[in-house]
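S.K.: Take this structure, written in structure tokens, and hold onto it; I'll ask about it next.
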Number of protein chains: 2
Amino acid sequence: MNKLVIAGSLAFDAIETPFGKTDKIIGGASPYIALSASNFNVDSCIVSVVGGDFPKEYFDILSNKNINVDGVKIVKEGKTMFWAGKYNQDMNQRTTLCTELNVFAEFNPEVPQKYQDADVLMLGNITPSIQKAIIEKMSRRPKLIIMDTMNYWMDNTPNELEETISMVDVLTINDEEARQLSGEFVLLTAAEKILAKGLRYLIIKKGDNGAILFSKKGEIFFAPALPMKSVCDPTGAGDSFAGGFAGYIASKGKTDFETVKSAVIAGSVMGSFCCERFGTENLQILNKDMVTNRVKQFENLTRFNF
Amino acid sequence: MNKLVIAGSLAFDAIETPFGKTDKIIGGASPYIALSASNFNVDSCIVSVVGGDFPKEYFDILSNKNINVDGVKIVKEGKTMFWAGKYNQDMNQRTTLCTELNVFAEFNPEVPQKYQDADVLMLGNITPSIQKAIIEKMSRRPKLIIMDTMNYWMDNTPNELEETISMVDVLTINDEEARQLSGEFVLLTAAEKILAKGLRYLIIKKGDNGAILFSKKGEIFFAPALPMKSVCDPTGAGDSFAGGFAGYIASKGKTDFETVKSAVIAGSVMGSFCCERFGTENLQILNKDMVTNRVKQFENLTRFNF
């Protein structure tokens with residue numbers, strides 16, 4: 001089974017949407033990524049850090065899906081990262097009510113030896129310098145390094161961000177971030193400029209308008225979003241996308257355009273499941289049939305015979 | 001050859017975009033619709049009105065593509081409708097500089113007898129009461145009646161609009177208009193409410209985010225927009241979409257979901273061509289190969305093998 005290393009935050013999340021409110025549930029990027037990836041045939045490992053207050057039941061949520069947590073450092077005397085956010089009525093905007101980095105502020109990542117030769121490395125949205133440090137801790141270069149990031153790092157650590165981007169193969173950002181990073185309004189032009197930083201693939205996410213995959217060879221693929229009647233909680237949708245994407249590629253062990261196209265669909269499928277319930281709830285109960293049926297729905301959504 | 005009746009404005013347009021400026025070129029909805037439809041195997045006829053100032057060369061643009069203009073009334077002593085508009089830098093907004101309805105203010109449509117039994121009727125975006133009058137002038141009910149409309153009629157003639165909608169099979173509007181017409185924010189819910197007005201199909205256009213087709217049976221199809229490096233002039237893109245859509249369906253003589261899906265692609269193809277040059281310029285020079293290749297591009301954009 002191919003190996004996938006997932007680096008990202010592991011935290012307590014408190015979420016409020018028009019549909020309800022949660023207490024401190026399992027959150028951060030890495031559980032969404034890892035649970036989504038677990039739907040594909042892959043041996044994955046989380047690299048992260050938590051405090052002594054992180055409950056065993058939350059580790060069990062991961063272990064139950066055969067996700068290795070040996071790379072999660074437990075700082076006994078420290079507190080786990082905490083994030084609280086609230087969504088507005090139409091779910092298009094959210095307000096961060098609180099971010100306490102706690103032990104994550106001094107995250108010094110260690111990749112377990114068994115996973116240092118992983119096939120795929122998925123870098124969740126964290127400080128670019130930590131993303132870089134993780135790349136350097138791999139004993140051999142993964143076949144594919146995928147990096148998620150956001151406008152915060154473009155504003156605050158642009159040099160570190162550029163350096164890390166130059167070391168990876170795939171970057172995932174949203175449309176506004178693509179415009180900011182490139183200084184170009186038209187996405188096709190923005191994509192060309194960003195790919196020129198040394199990427200093989202760029203994925204621009206457009207929320208409920210789908211996602212576009214661009215390759216450095218000039219190929220383009222468009223994955224729609226599934227029209228949904230109600231989004232219960234969009235938290236983690238982007239991380240679930242990343243997890244489905246990375247998990248699919250790791251399971252195939254290939255990085256050609258055809259494989260990467262399907263991986264974008266796998267990501268879109270996981271993003272759509274994620275939004276249907278609070279937090280990682282829906283990701284915890286998925287089975288193979290549900291995933292296969294959802295892929296079929298995506299296929300039917302765009303297939304035509306002219 | 002199946003017959004298509006196209007009702008819509010025929011006007012002079014003066015357009016200004018960041019890429020240039022035109023003088024009084026051939027405009028209004030009907031030339032875009034008819035030129036787009038002419039790429040499919042169909043016998044189409046425009047129902048409209050112009051003044052004595054409408055030049056023979058502009059009629060020739062239509063006749064050269066075998067578009068029948070017997071339904072275009074010429075009011076010798078009157079002036080042709082005139083519209084002038086200007087686009088902002090990113091092409092997402094336009095300002096109407098001037099609208100002179102002229103002879104169009106008293107448009108009393110006549111459908112030539114030969115076309116009163118047409119298979120498909122395409123009602124361009126005009127006063128709902130005139131759209132209704134045209135439906136009533138058909139000697140037998142067309143297999144499919146398609147209606148384009150806009151927020152202006154929702155604001156100003158909501159009762160007439162509802163009445164005309166109840167008489168047609170397909171409605172094309174954009175996402176904001178769908179929200180306004182239904183009072184629902186979520187497009188899937190908005191679509192259900194609008195379909196319940198008696199429609200068989202609803203098409204919600206999302207500009208450079210593509211278009212979604214909904215059927216009253218609950219089927220959904222998504223057509224992406226082609227990522228483009230530069231949009232020269234978006235004027236008429238919606239009408240070109242309508243023309244490709246109506247032309248494809250008329251040429252096939254079928255109205256099942258599979259046919260209507262492909263018609264949405266035909267519409268998207270025409271919309272993409274339209275934007276590449278000013279006014280109807282690009283639509284005038286299209287050939288079969290260009291259309292076939294563009295359809296292939298749309299196919300490649302979304303096709304995957306999971």
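Residues in the structure tokens are named by chain (A, B, ... in the order shown) and by number from 1 within that chain; ligands are numbered from 1 in the order shown.
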Env of Ser139 in chain A: 10 Å cut, atoms = only C-alpha atoms, seq-sep filter 3 positions within chain, self excluded. Answer as a PDB file with all heavy atoms, in the first residue's frame.
M.R.:
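This went into part-v9.pdb:
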```
ATOM      1  N   VAL A 111       8.668  13.526  11.252  1.00  0.00           N
ATOM      2  CA  VAL A 111       8.033  12.507  10.413  1.00  0.00           C
ATOM      3  C   VAL A 111       8.534  11.140  10.867  1.00  0.00           C
ATOM      4  O   VAL A 111       9.750  10.898  10.860  1.00  0.00           O
ATOM      5  CB  VAL A 111       8.372  12.729   8.922  1.00  0.00           C
ATOM      6  CG1 VAL A 111       7.705  11.670   8.055  1.00  0.00           C
ATOM      7  CG2 VAL A 111       7.964  14.131   8.477  1.00  0.00           C
ATOM      8  N   GLN A 113       9.971   7.538  11.047  1.00  0.00           N
ATOM      9  CA  GLN A 113      10.912   6.978  10.061  1.00  0.00           C
ATOM     10  C   GLN A 113      10.225   6.143   8.991  1.00  0.00           C
ATOM     11  O   GLN A 113      10.524   6.255   7.805  1.00  0.00           O
ATOM     12  CB  GLN A 113      11.982   6.151  10.774  1.00  0.00           C
ATOM     13  CG  GLN A 113      13.193   5.971   9.859  1.00  0.00           C
ATOM     14  CD  GLN A 113      14.352   5.282  10.570  1.00  0.00           C
ATOM     15  OE1 GLN A 113      14.294   5.000  11.766  1.00  0.00           O
ATOM     16  NE2 GLN A 113      15.406   5.006   9.831  1.00  0.00           N
ATOM     17  N   LYS A 114       9.249   5.360   9.437  1.00  0.00           N
ATOM     18  CA  LYS A 114       8.544   4.477   8.494  1.00  0.00           C
ATOM     19  C   LYS A 114       7.905   5.254   7.341  1.00  0.00           C
ATOM     20  O   LYS A 114       7.673   4.708   6.260  1.00  0.00           O
ATOM     21  CB  LYS A 114       7.458   3.711   9.259  1.00  0.00           C
ATOM     22  CG  LYS A 114       6.724   2.683   8.413  1.00  0.00           C
ATOM     23  CD  LYS A 114       5.451   2.153   9.063  1.00  0.00           C
ATOM     24  CE  LYS A 114       4.528   1.584   7.991  1.00  0.00           C
ATOM     25  NZ  LYS A 114       3.170   1.348   8.471  1.00  0.00           N
ATOM     26  N   TYR A 115       7.580   6.531   7.577  1.00  0.00           N
ATOM     27  CA  TYR A 115       6.860   7.313   6.561  1.00  0.00           C
ATOM     28  C   TYR A 115       7.750   8.327   5.842  1.00  0.00           C
ATOM     29  O   TYR A 115       7.280   9.086   5.012  1.00  0.00           O
ATOM     30  CB  TYR A 115       5.656   8.015   7.203  1.00  0.00           C
ATOM     31  CG  TYR A 115       4.563   7.048   7.593  1.00  0.00           C
ATOM     32  CD1 TYR A 115       4.501   6.503   8.873  1.00  0.00           C
ATOM     33  CD2 TYR A 115       3.615   6.647   6.648  1.00  0.00           C
ATOM     34  CE1 TYR A 115       3.507   5.597   9.217  1.00  0.00           C
ATOM     35  CE2 TYR A 115       2.622   5.736   6.983  1.00  0.00           C
ATOM     36  CZ  TYR A 115       2.573   5.217   8.268  1.00  0.00           C
ATOM     37  OH  TYR A 115       1.595   4.324   8.596  1.00  0.00           O
ATOM     38  N   GLN A 116       9.050   8.321   6.171  1.00  0.00           N
ATOM     39  CA  GLN A 116       9.933   9.312   5.549  1.00  0.00           C
ATOM     40  C   GLN A 116      10.162   9.070   4.054  1.00  0.00           C
ATOM     41  O   GLN A 116      10.660   9.941   3.353  1.00  0.00           O
ATOM     42  CB  GLN A 116      11.273   9.358   6.300  1.00  0.00           C
ATOM     43  CG  GLN A 116      11.136  10.038   7.664  1.00  0.00           C
ATOM     44  CD  GLN A 116      12.432  10.056   8.463  1.00  0.00           C
ATOM     45  OE1 GLN A 116      13.486   9.673   7.958  1.00  0.00           O
ATOM     46  NE2 GLN A 116      12.344  10.497   9.714  1.00  0.00           N
ATOM     47  N   ASP A 117       9.806   7.844   3.597  1.00  0.00           N
ATOM     48  CA  ASP A 117       9.926   7.564   2.156  1.00  0.00           C
ATOM     49  C   ASP A 117       8.545   7.510   1.499  1.00  0.00           C
ATOM     50  O   ASP A 117       8.336   6.810   0.505  1.00  0.00           O
ATOM     51  CB  ASP A 117      10.676   6.247   1.934  1.00  0.00           C
ATOM     52  CG  ASP A 117       9.909   5.058   2.520  1.00  0.00           C
ATOM     53  OD1 ASP A 117       8.919   5.298   3.268  1.00  0.00           O
ATOM     54  OD2 ASP A 117      10.278   3.906   2.238  1.00  0.00           O
ATOM     55  N   ALA A 118       7.589   8.241   2.053  1.00  0.00           N
ATOM     56  CA  ALA A 118       6.208   8.207   1.541  1.00  0.00           C
ATOM     57  C   ALA A 118       6.149   8.616   0.064  1.00  0.00           C
ATOM     58  O   ALA A 118       6.997   9.370  -0.420  1.00  0.00           O
ATOM     59  CB  ALA A 118       5.316   9.121   2.374  1.00  0.00           C
ATOM     60  N   ILE A 135       9.158  18.963   4.308  1.00  0.00           N
ATOM     61  CA  ILE A 135       9.729  18.452   3.045  1.00  0.00           C
ATOM     62  C   ILE A 135      11.153  17.982   3.296  1.00  0.00           C
ATOM     63  O   ILE A 135      11.577  16.912   2.837  1.00  0.00           O
ATOM     64  CB  ILE A 135       9.734  19.543   1.945  1.00  0.00           C
ATOM     65  CG1 ILE A 135       8.298  19.972   1.596  1.00  0.00           C
ATOM     66  CG2 ILE A 135      10.466  19.052   0.695  1.00  0.00           C
ATOM     67  CD1 ILE A 135       8.204  21.167   0.652  1.00  0.00           C
ATOM     68  N   GLU A 136      11.905  18.779   4.062  1.00  0.00           N
ATOM     69  CA  GLU A 136      13.323  18.467   4.299  1.00  0.00           C
ATOM     70  C   GLU A 136      13.515  17.258   5.214  1.00  0.00           C
ATOM     71  O   GLU A 136      14.621  16.702   5.273  1.00  0.00           O
ATOM     72  CB  GLU A 136      14.030  19.707   4.863  1.00  0.00           C
ATOM     73  CG  GLU A 136      14.213  20.773   3.772  1.00  0.00           C
ATOM     74  CD  GLU A 136      14.627  22.130   4.312  1.00  0.00           C
ATOM     75  OE1 GLU A 136      14.495  22.342   5.539  1.00  0.00           O
ATOM     76  OE2 GLU A 136      15.064  22.974   3.502  1.00  0.00           O
ATOM     77  N   PRO A 142       9.193  12.733  -2.205  1.00  0.00           N
ATOM     78  CA  PRO A 142       7.950  12.059  -2.605  1.00  0.00           C
ATOM     79  C   PRO A 142       7.685  12.251  -4.100  1.00  0.00           C
ATOM     80  O   PRO A 142       8.162  13.230  -4.697  1.00  0.00           O
ATOM     81  CB  PRO A 142       6.880  12.766  -1.774  1.00  0.00           C
ATOM     82  CG  PRO A 142       7.613  13.390  -0.631  1.00  0.00           C
ATOM     83  CD  PRO A 142       8.959  13.760  -1.165  1.00  0.00           C
TER      84      PRO A 142
END
```
S.K.: Pick out the chain B residues within 9 Å of chain A. Count only C-alpha atoms. Give them as a short mmCIF file (atom, residue, chain, number, x, y, z; two decimals) with N, CA, C and O atoms, in the first residue's frame.
M.R.:
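Output saved as result_22.cif:
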```
data_model
loop_
_atom_site.label_atom_id
_atom_site.label_comp_id
_atom_site.auth_asym_id
_atom_site.auth_seq_id
_atom_site.Cartn_x
_atom_site.Cartn_y
_atom_site.Cartn_z
N ASP B 90 -12.73 45.12 -15.75
CA ASP B 90 -12.71 43.66 -15.64
C ASP B 90 -13.90 43.01 -16.34
O ASP B 90 -14.11 41.80 -16.22
N PHE B 185 -32.43 31.67 -1.81
CA PHE B 185 -31.01 31.91 -2.05
C PHE B 185 -30.32 30.69 -2.68
O PHE B 185 -29.54 30.82 -3.62
N VAL B 186 -30.63 29.51 -2.17
CA VAL B 186 -29.99 28.28 -2.67
C VAL B 186 -30.54 27.95 -4.06
O VAL B 186 -31.76 27.81 -4.22
N LEU B 187 -29.65 27.80 -5.04
CA LEU B 187 -30.11 27.67 -6.43
C LEU B 187 -30.98 26.43 -6.66
O LEU B 187 -31.92 26.47 -7.44
N LEU B 188 -30.65 25.34 -5.98
CA LEU B 188 -31.42 24.10 -6.16
C LEU B 188 -32.87 24.31 -5.71
O LEU B 188 -33.82 23.87 -6.37
N THR B 189 -33.04 25.00 -4.61
CA THR B 189 -34.38 25.29 -4.09
C THR B 189 -35.07 26.32 -4.99
O THR B 189 -36.26 26.20 -5.30
N LYS B 206 -24.59 31.36 -15.09
CA LYS B 206 -23.73 31.93 -14.06
C LYS B 206 -22.50 32.61 -14.64
O LYS B 206 -21.44 32.60 -14.03
N ASN B 209 -18.96 31.27 -14.66
CA ASN B 209 -19.04 30.05 -13.86
C ASN B 209 -19.96 29.02 -14.49
O ASN B 209 -20.39 28.07 -13.82
N GLY B 210 -20.29 29.19 -15.76
CA GLY B 210 -21.05 28.18 -16.48
C GLY B 210 -22.56 28.31 -16.35
O GLY B 210 -23.07 29.39 -16.01
N GLU B 219 -33.78 16.14 -12.76
CA GLU B 219 -32.45 15.93 -13.34
C GLU B 219 -31.66 17.24 -13.35
O GLU B 219 -32.25 18.32 -13.44
N ILE B 220 -30.33 17.10 -13.25
CA ILE B 220 -29.46 18.29 -13.25
C ILE B 220 -28.29 18.06 -14.19
O ILE B 220 -27.72 16.96 -14.23
N PHE B 221 -27.93 19.09 -14.92
CA PHE B 221 -26.75 19.03 -15.79
C PHE B 221 -25.99 20.34 -15.66
O PHE B 221 -26.59 21.41 -15.61
N PHE B 222 -24.67 20.22 -15.60
CA PHE B 222 -23.85 21.42 -15.44
C PHE B 222 -22.94 21.59 -16.65
O PHE B 222 -22.19 20.68 -17.01
N ALA B 223 -23.00 22.76 -17.27
CA ALA B 223 -22.10 23.07 -18.39
C ALA B 223 -21.12 24.14 -17.93
O ALA B 223 -21.53 25.22 -17.50
N PRO B 224 -19.82 23.83 -17.99
CA PRO B 224 -18.84 24.83 -17.56
C PRO B 224 -18.73 25.95 -18.59
O PRO B 224 -19.18 25.80 -19.71
N PRO B 227 -12.61 28.44 -19.85
CA PRO B 227 -11.69 29.48 -19.34
C PRO B 227 -11.05 30.22 -20.52
O PRO B 227 -10.53 29.60 -21.44
N MET B 228 -11.16 31.55 -20.52
CA MET B 228 -10.66 32.34 -21.65
C MET B 228 -9.65 33.37 -21.17
O MET B 228 -9.80 33.93 -20.10
N LYS B 229 -8.66 33.62 -22.02
CA LYS B 229 -7.63 34.58 -21.64
C LYS B 229 -8.12 36.00 -21.75
O LYS B 229 -7.83 36.84 -20.93
N SER B 230 -8.85 36.28 -22.82
CA SER B 230 -9.40 37.62 -22.89
C SER B 230 -10.77 37.60 -23.52
O SER B 230 -11.00 36.96 -24.53
N GLU B 258 -31.50 14.27 -22.61
CA GLU B 258 -30.20 14.08 -23.26
C GLU B 258 -29.98 15.12 -24.36
O GLU B 258 -28.89 15.68 -24.49
N THR B 259 -31.01 15.37 -25.16
CA THR B 259 -30.91 16.37 -26.23
C THR B 259 -30.73 17.77 -25.64
O THR B 259 -29.89 18.55 -26.10
N LYS B 261 -29.49 18.59 -22.75
CA LYS B 261 -28.12 18.71 -22.20
C LYS B 261 -27.15 19.17 -23.29
O LYS B 261 -26.40 20.13 -23.11
N SER B 262 -27.17 18.46 -24.41
CA SER B 262 -26.26 18.83 -25.50
C SER B 262 -26.56 20.24 -26.01
O SER B 262 -25.65 20.96 -26.42
N ALA B 263 -27.84 20.61 -25.98
CA ALA B 263 -28.22 21.96 -26.42
C ALA B 263 -27.60 23.01 -25.51
O ALA B 263 -27.22 24.10 -25.96
N ILE B 265 -24.74 22.70 -24.06
CA ILE B 265 -23.35 22.78 -24.52
C ILE B 265 -23.27 23.62 -25.81
O ILE B 265 -22.40 24.50 -25.93
N ALA B 266 -24.20 23.37 -26.73
CA ALA B 266 -24.23 24.17 -27.97
C ALA B 266 -24.36 25.66 -27.62
O ALA B 266 -23.68 26.50 -28.22
N VAL B 295 -16.76 22.23 -29.37
CA VAL B 295 -17.55 21.24 -28.61
C VAL B 295 -16.59 20.23 -27.96
O VAL B 295 -16.74 19.88 -26.79
N GLU B 299 -15.93 19.14 -24.09
CA GLU B 299 -15.99 17.75 -23.65
C GLU B 299 -14.73 17.42 -22.83
O GLU B 299 -14.83 16.83 -21.75
N ASN B 300 -13.59 17.82 -23.34
CA ASN B 300 -12.32 17.53 -22.65
C ASN B 300 -12.23 18.22 -21.29
O ASN B 300 -11.54 17.75 -20.39
N LEU B 301 -12.91 19.33 -21.19
CA LEU B 301 -12.82 20.14 -19.98
C LEU B 301 -13.36 19.41 -18.75
O LEU B 301 -12.91 19.66 -17.62
N THR B 302 -14.33 18.53 -18.95
CA THR B 302 -14.97 17.89 -17.79
C THR B 302 -14.87 16.36 -17.78
O THR B 302 -15.26 15.74 -16.81
N ARG B 303 -14.37 15.76 -18.87
CA ARG B 303 -14.39 14.30 -18.94
C ARG B 303 -13.27 13.68 -18.11
O ARG B 303 -12.14 14.10 -18.17
N PHE B 304 -13.64 12.65 -17.32
CA PHE B 304 -12.61 11.95 -16.52
C PHE B 304 -12.96 10.47 -16.45
O PHE B 304 -14.10 10.08 -16.70
N ASN B 305 -11.97 9.65 -16.13
CA ASN B 305 -12.19 8.22 -15.91
C ASN B 305 -11.73 7.87 -14.52
O ASN B 305 -10.53 7.75 -14.28
N PHE B 306 -12.65 7.73 -13.64
CA PHE B 306 -12.32 7.48 -12.24
C PHE B 306 -11.83 6.05 -12.06
O PHE B 306 -12.43 5.12 -12.54
#
```
S.K.: Can you check which residues of range 33-161 of chain A DSSP gives as helix (DSSP H, G or I) on the backbone and send them as an NGL selection string?
M.R.: :A and (33-37 or 56-63 or 102-106 or 113-115 or 128-136 or 151-156 or 158-161)
S.K.: I'd like the contact shell of Met81 in chain B - 6 Å cut-off, only C-alpha atoms, skipping same-chain residues fewer than 6 positions apart - returned as a PyMOL selection string.
M.R.: chain B and resi 11+100-102
S.K.: With distances taken over only C-alpha atoms, which residue among B:Thr95, B:Thr80, B:Gln180, B:Asn88 lies nearest Asp53 in chain B?
M.R.: B:Thr80
S.K.: Could you find all residues in range 191-271 of chain B that DSSP calls strand (DSSP E) from the backbone, and write them as a short mmCIF file (atom, residue, chain, number, x, y, z; two decimals) with all heavy atoms, in the first residue's frame?
M.R.:
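What landed in selection-v3.cif:
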```
data_model
loop_
_atom_site.label_atom_id
_atom_site.label_comp_id
_atom_site.auth_asym_id
_atom_site.auth_seq_id
_atom_site.Cartn_x
_atom_site.Cartn_y
_atom_site.Cartn_z
N TYR B 201 -38.08 22.76 -18.30
CA TYR B 201 -36.65 22.96 -18.04
C TYR B 201 -36.38 24.40 -17.59
O TYR B 201 -37.05 25.32 -18.06
CB TYR B 201 -35.82 22.68 -19.30
CG TYR B 201 -35.98 21.28 -19.86
CD1 TYR B 201 -36.67 21.06 -21.05
CD2 TYR B 201 -35.42 20.19 -19.20
CE1 TYR B 201 -36.81 19.77 -21.57
CE2 TYR B 201 -35.56 18.90 -19.71
CZ TYR B 201 -36.26 18.71 -20.89
OH TYR B 201 -36.39 17.44 -21.39
N LEU B 202 -35.38 24.52 -16.74
CA LEU B 202 -34.91 25.85 -16.33
C LEU B 202 -33.40 25.88 -16.53
O LEU B 202 -32.70 24.96 -16.13
CB LEU B 202 -35.24 26.10 -14.86
CG LEU B 202 -34.59 27.35 -14.24
CD1 LEU B 202 -35.18 28.63 -14.83
CD2 LEU B 202 -34.76 27.34 -12.72
N ILE B 203 -32.92 26.95 -17.13
CA ILE B 203 -31.47 27.12 -17.28
C ILE B 203 -31.04 28.34 -16.48
O ILE B 203 -31.53 29.45 -16.72
CB ILE B 203 -31.06 27.28 -18.75
CG1 ILE B 203 -31.40 26.00 -19.52
CG2 ILE B 203 -29.57 27.59 -18.88
CD1 ILE B 203 -31.32 26.15 -21.01
N ILE B 204 -30.15 28.11 -15.52
CA ILE B 204 -29.61 29.22 -14.74
C ILE B 204 -28.19 29.48 -15.22
O ILE B 204 -27.31 28.61 -15.12
CB ILE B 204 -29.65 28.93 -13.23
CG1 ILE B 204 -31.11 28.71 -12.78
CG2 ILE B 204 -29.02 30.08 -12.45
CD1 ILE B 204 -31.27 28.46 -11.28
N LYS B 205 -27.98 30.69 -15.76
CA LYS B 205 -26.67 31.06 -16.30
C LYS B 205 -25.86 31.75 -15.21
O LYS B 205 -26.38 32.61 -14.50
CB LYS B 205 -26.85 32.00 -17.50
CG LYS B 205 -27.57 31.34 -18.67
CD LYS B 205 -27.86 32.33 -19.79
CE LYS B 205 -29.01 33.26 -19.42
NZ LYS B 205 -29.36 34.22 -20.51
N ALA B 211 -23.26 27.23 -16.64
CA ALA B 211 -24.73 27.24 -16.63
C ALA B 211 -25.22 25.91 -16.09
O ALA B 211 -24.58 24.88 -16.28
CB ALA B 211 -25.26 27.47 -18.04
N ILE B 212 -26.37 25.95 -15.38
CA ILE B 212 -26.95 24.72 -14.86
C ILE B 212 -28.33 24.51 -15.45
O ILE B 212 -29.14 25.45 -15.51
CB ILE B 212 -27.08 24.74 -13.32
CG1 ILE B 212 -25.79 25.28 -12.66
CG2 ILE B 212 -27.35 23.34 -12.78
CD1 ILE B 212 -25.84 25.25 -11.15
N LEU B 213 -28.57 23.30 -15.91
CA LEU B 213 -29.87 22.91 -16.46
C LEU B 213 -30.60 22.07 -15.43
O LEU B 213 -30.04 21.10 -14.91
CB LEU B 213 -29.63 22.10 -17.74
CG LEU B 213 -30.81 21.28 -18.29
CD1 LEU B 213 -31.91 22.20 -18.83
CD2 LEU B 213 -30.32 20.33 -19.38
N PHE B 214 -31.84 22.44 -15.13
CA PHE B 214 -32.68 21.68 -14.21
C PHE B 214 -33.91 21.20 -14.97
O PHE B 214 -34.50 21.98 -15.73
CB PHE B 214 -33.15 22.57 -13.04
CG PHE B 214 -32.05 23.16 -12.21
CD1 PHE B 214 -31.49 24.39 -12.55
CD2 PHE B 214 -31.57 22.50 -11.08
CE1 PHE B 214 -30.48 24.95 -11.77
CE2 PHE B 214 -30.57 23.06 -10.30
CZ PHE B 214 -30.02 24.28 -10.65
N SER B 215 -34.34 19.96 -14.75
CA SER B 215 -35.59 19.50 -15.36
C SER B 215 -36.64 19.35 -14.28
O SER B 215 -36.33 19.21 -13.10
CB SER B 215 -35.39 18.17 -16.08
OG SER B 215 -35.47 17.10 -15.14
N ILE B 220 -30.33 17.10 -13.25
CA ILE B 220 -29.46 18.29 -13.25
C ILE B 220 -28.29 18.06 -14.19
O ILE B 220 -27.72 16.96 -14.23
CB ILE B 220 -28.90 18.59 -11.85
CG1 ILE B 220 -30.04 18.77 -10.84
CG2 ILE B 220 -28.03 19.84 -11.86
CD1 ILE B 220 -29.54 19.11 -9.44
N PHE B 221 -27.93 19.09 -14.92
CA PHE B 221 -26.75 19.03 -15.79
C PHE B 221 -25.99 20.34 -15.66
O PHE B 221 -26.59 21.41 -15.61
CB PHE B 221 -27.18 18.81 -17.25
CG PHE B 221 -26.04 18.87 -18.23
CD1 PHE B 221 -25.06 17.87 -18.26
CD2 PHE B 221 -25.93 19.93 -19.14
CE1 PHE B 221 -24.01 17.92 -19.18
CE2 PHE B 221 -24.88 19.98 -20.05
CZ PHE B 221 -23.93 18.98 -20.07
N PHE B 222 -24.67 20.22 -15.60
CA PHE B 222 -23.85 21.42 -15.44
C PHE B 222 -22.94 21.59 -16.65
O PHE B 222 -22.19 20.68 -17.01
CB PHE B 222 -23.00 21.30 -14.17
CG PHE B 222 -22.11 22.48 -13.96
CD1 PHE B 222 -22.58 23.61 -13.32
CD2 PHE B 222 -20.82 22.47 -14.46
CE1 PHE B 222 -21.77 24.71 -13.18
CE2 PHE B 222 -20.00 23.58 -14.32
CZ PHE B 222 -20.49 24.70 -13.66
N ALA B 223 -23.00 22.76 -17.27
CA ALA B 223 -22.10 23.07 -18.39
C ALA B 223 -21.12 24.14 -17.93
O ALA B 223 -21.53 25.22 -17.50
CB ALA B 223 -22.89 23.59 -19.59
#
```
S.K.: Just want the 9 Å neighbourhood of Leu144 in chain A, counted on only C-alpha atoms, with same-chain residues fewer than 4 positions away dropped. Output as a list in words.
M.R.: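 Listing them by chain and then by number gives Asp119, Val120, Leu121, Met122, Val168, Asp169, Val170, Ala246, Ile249, Ala250, Lys254 and Thr255 of chain A.
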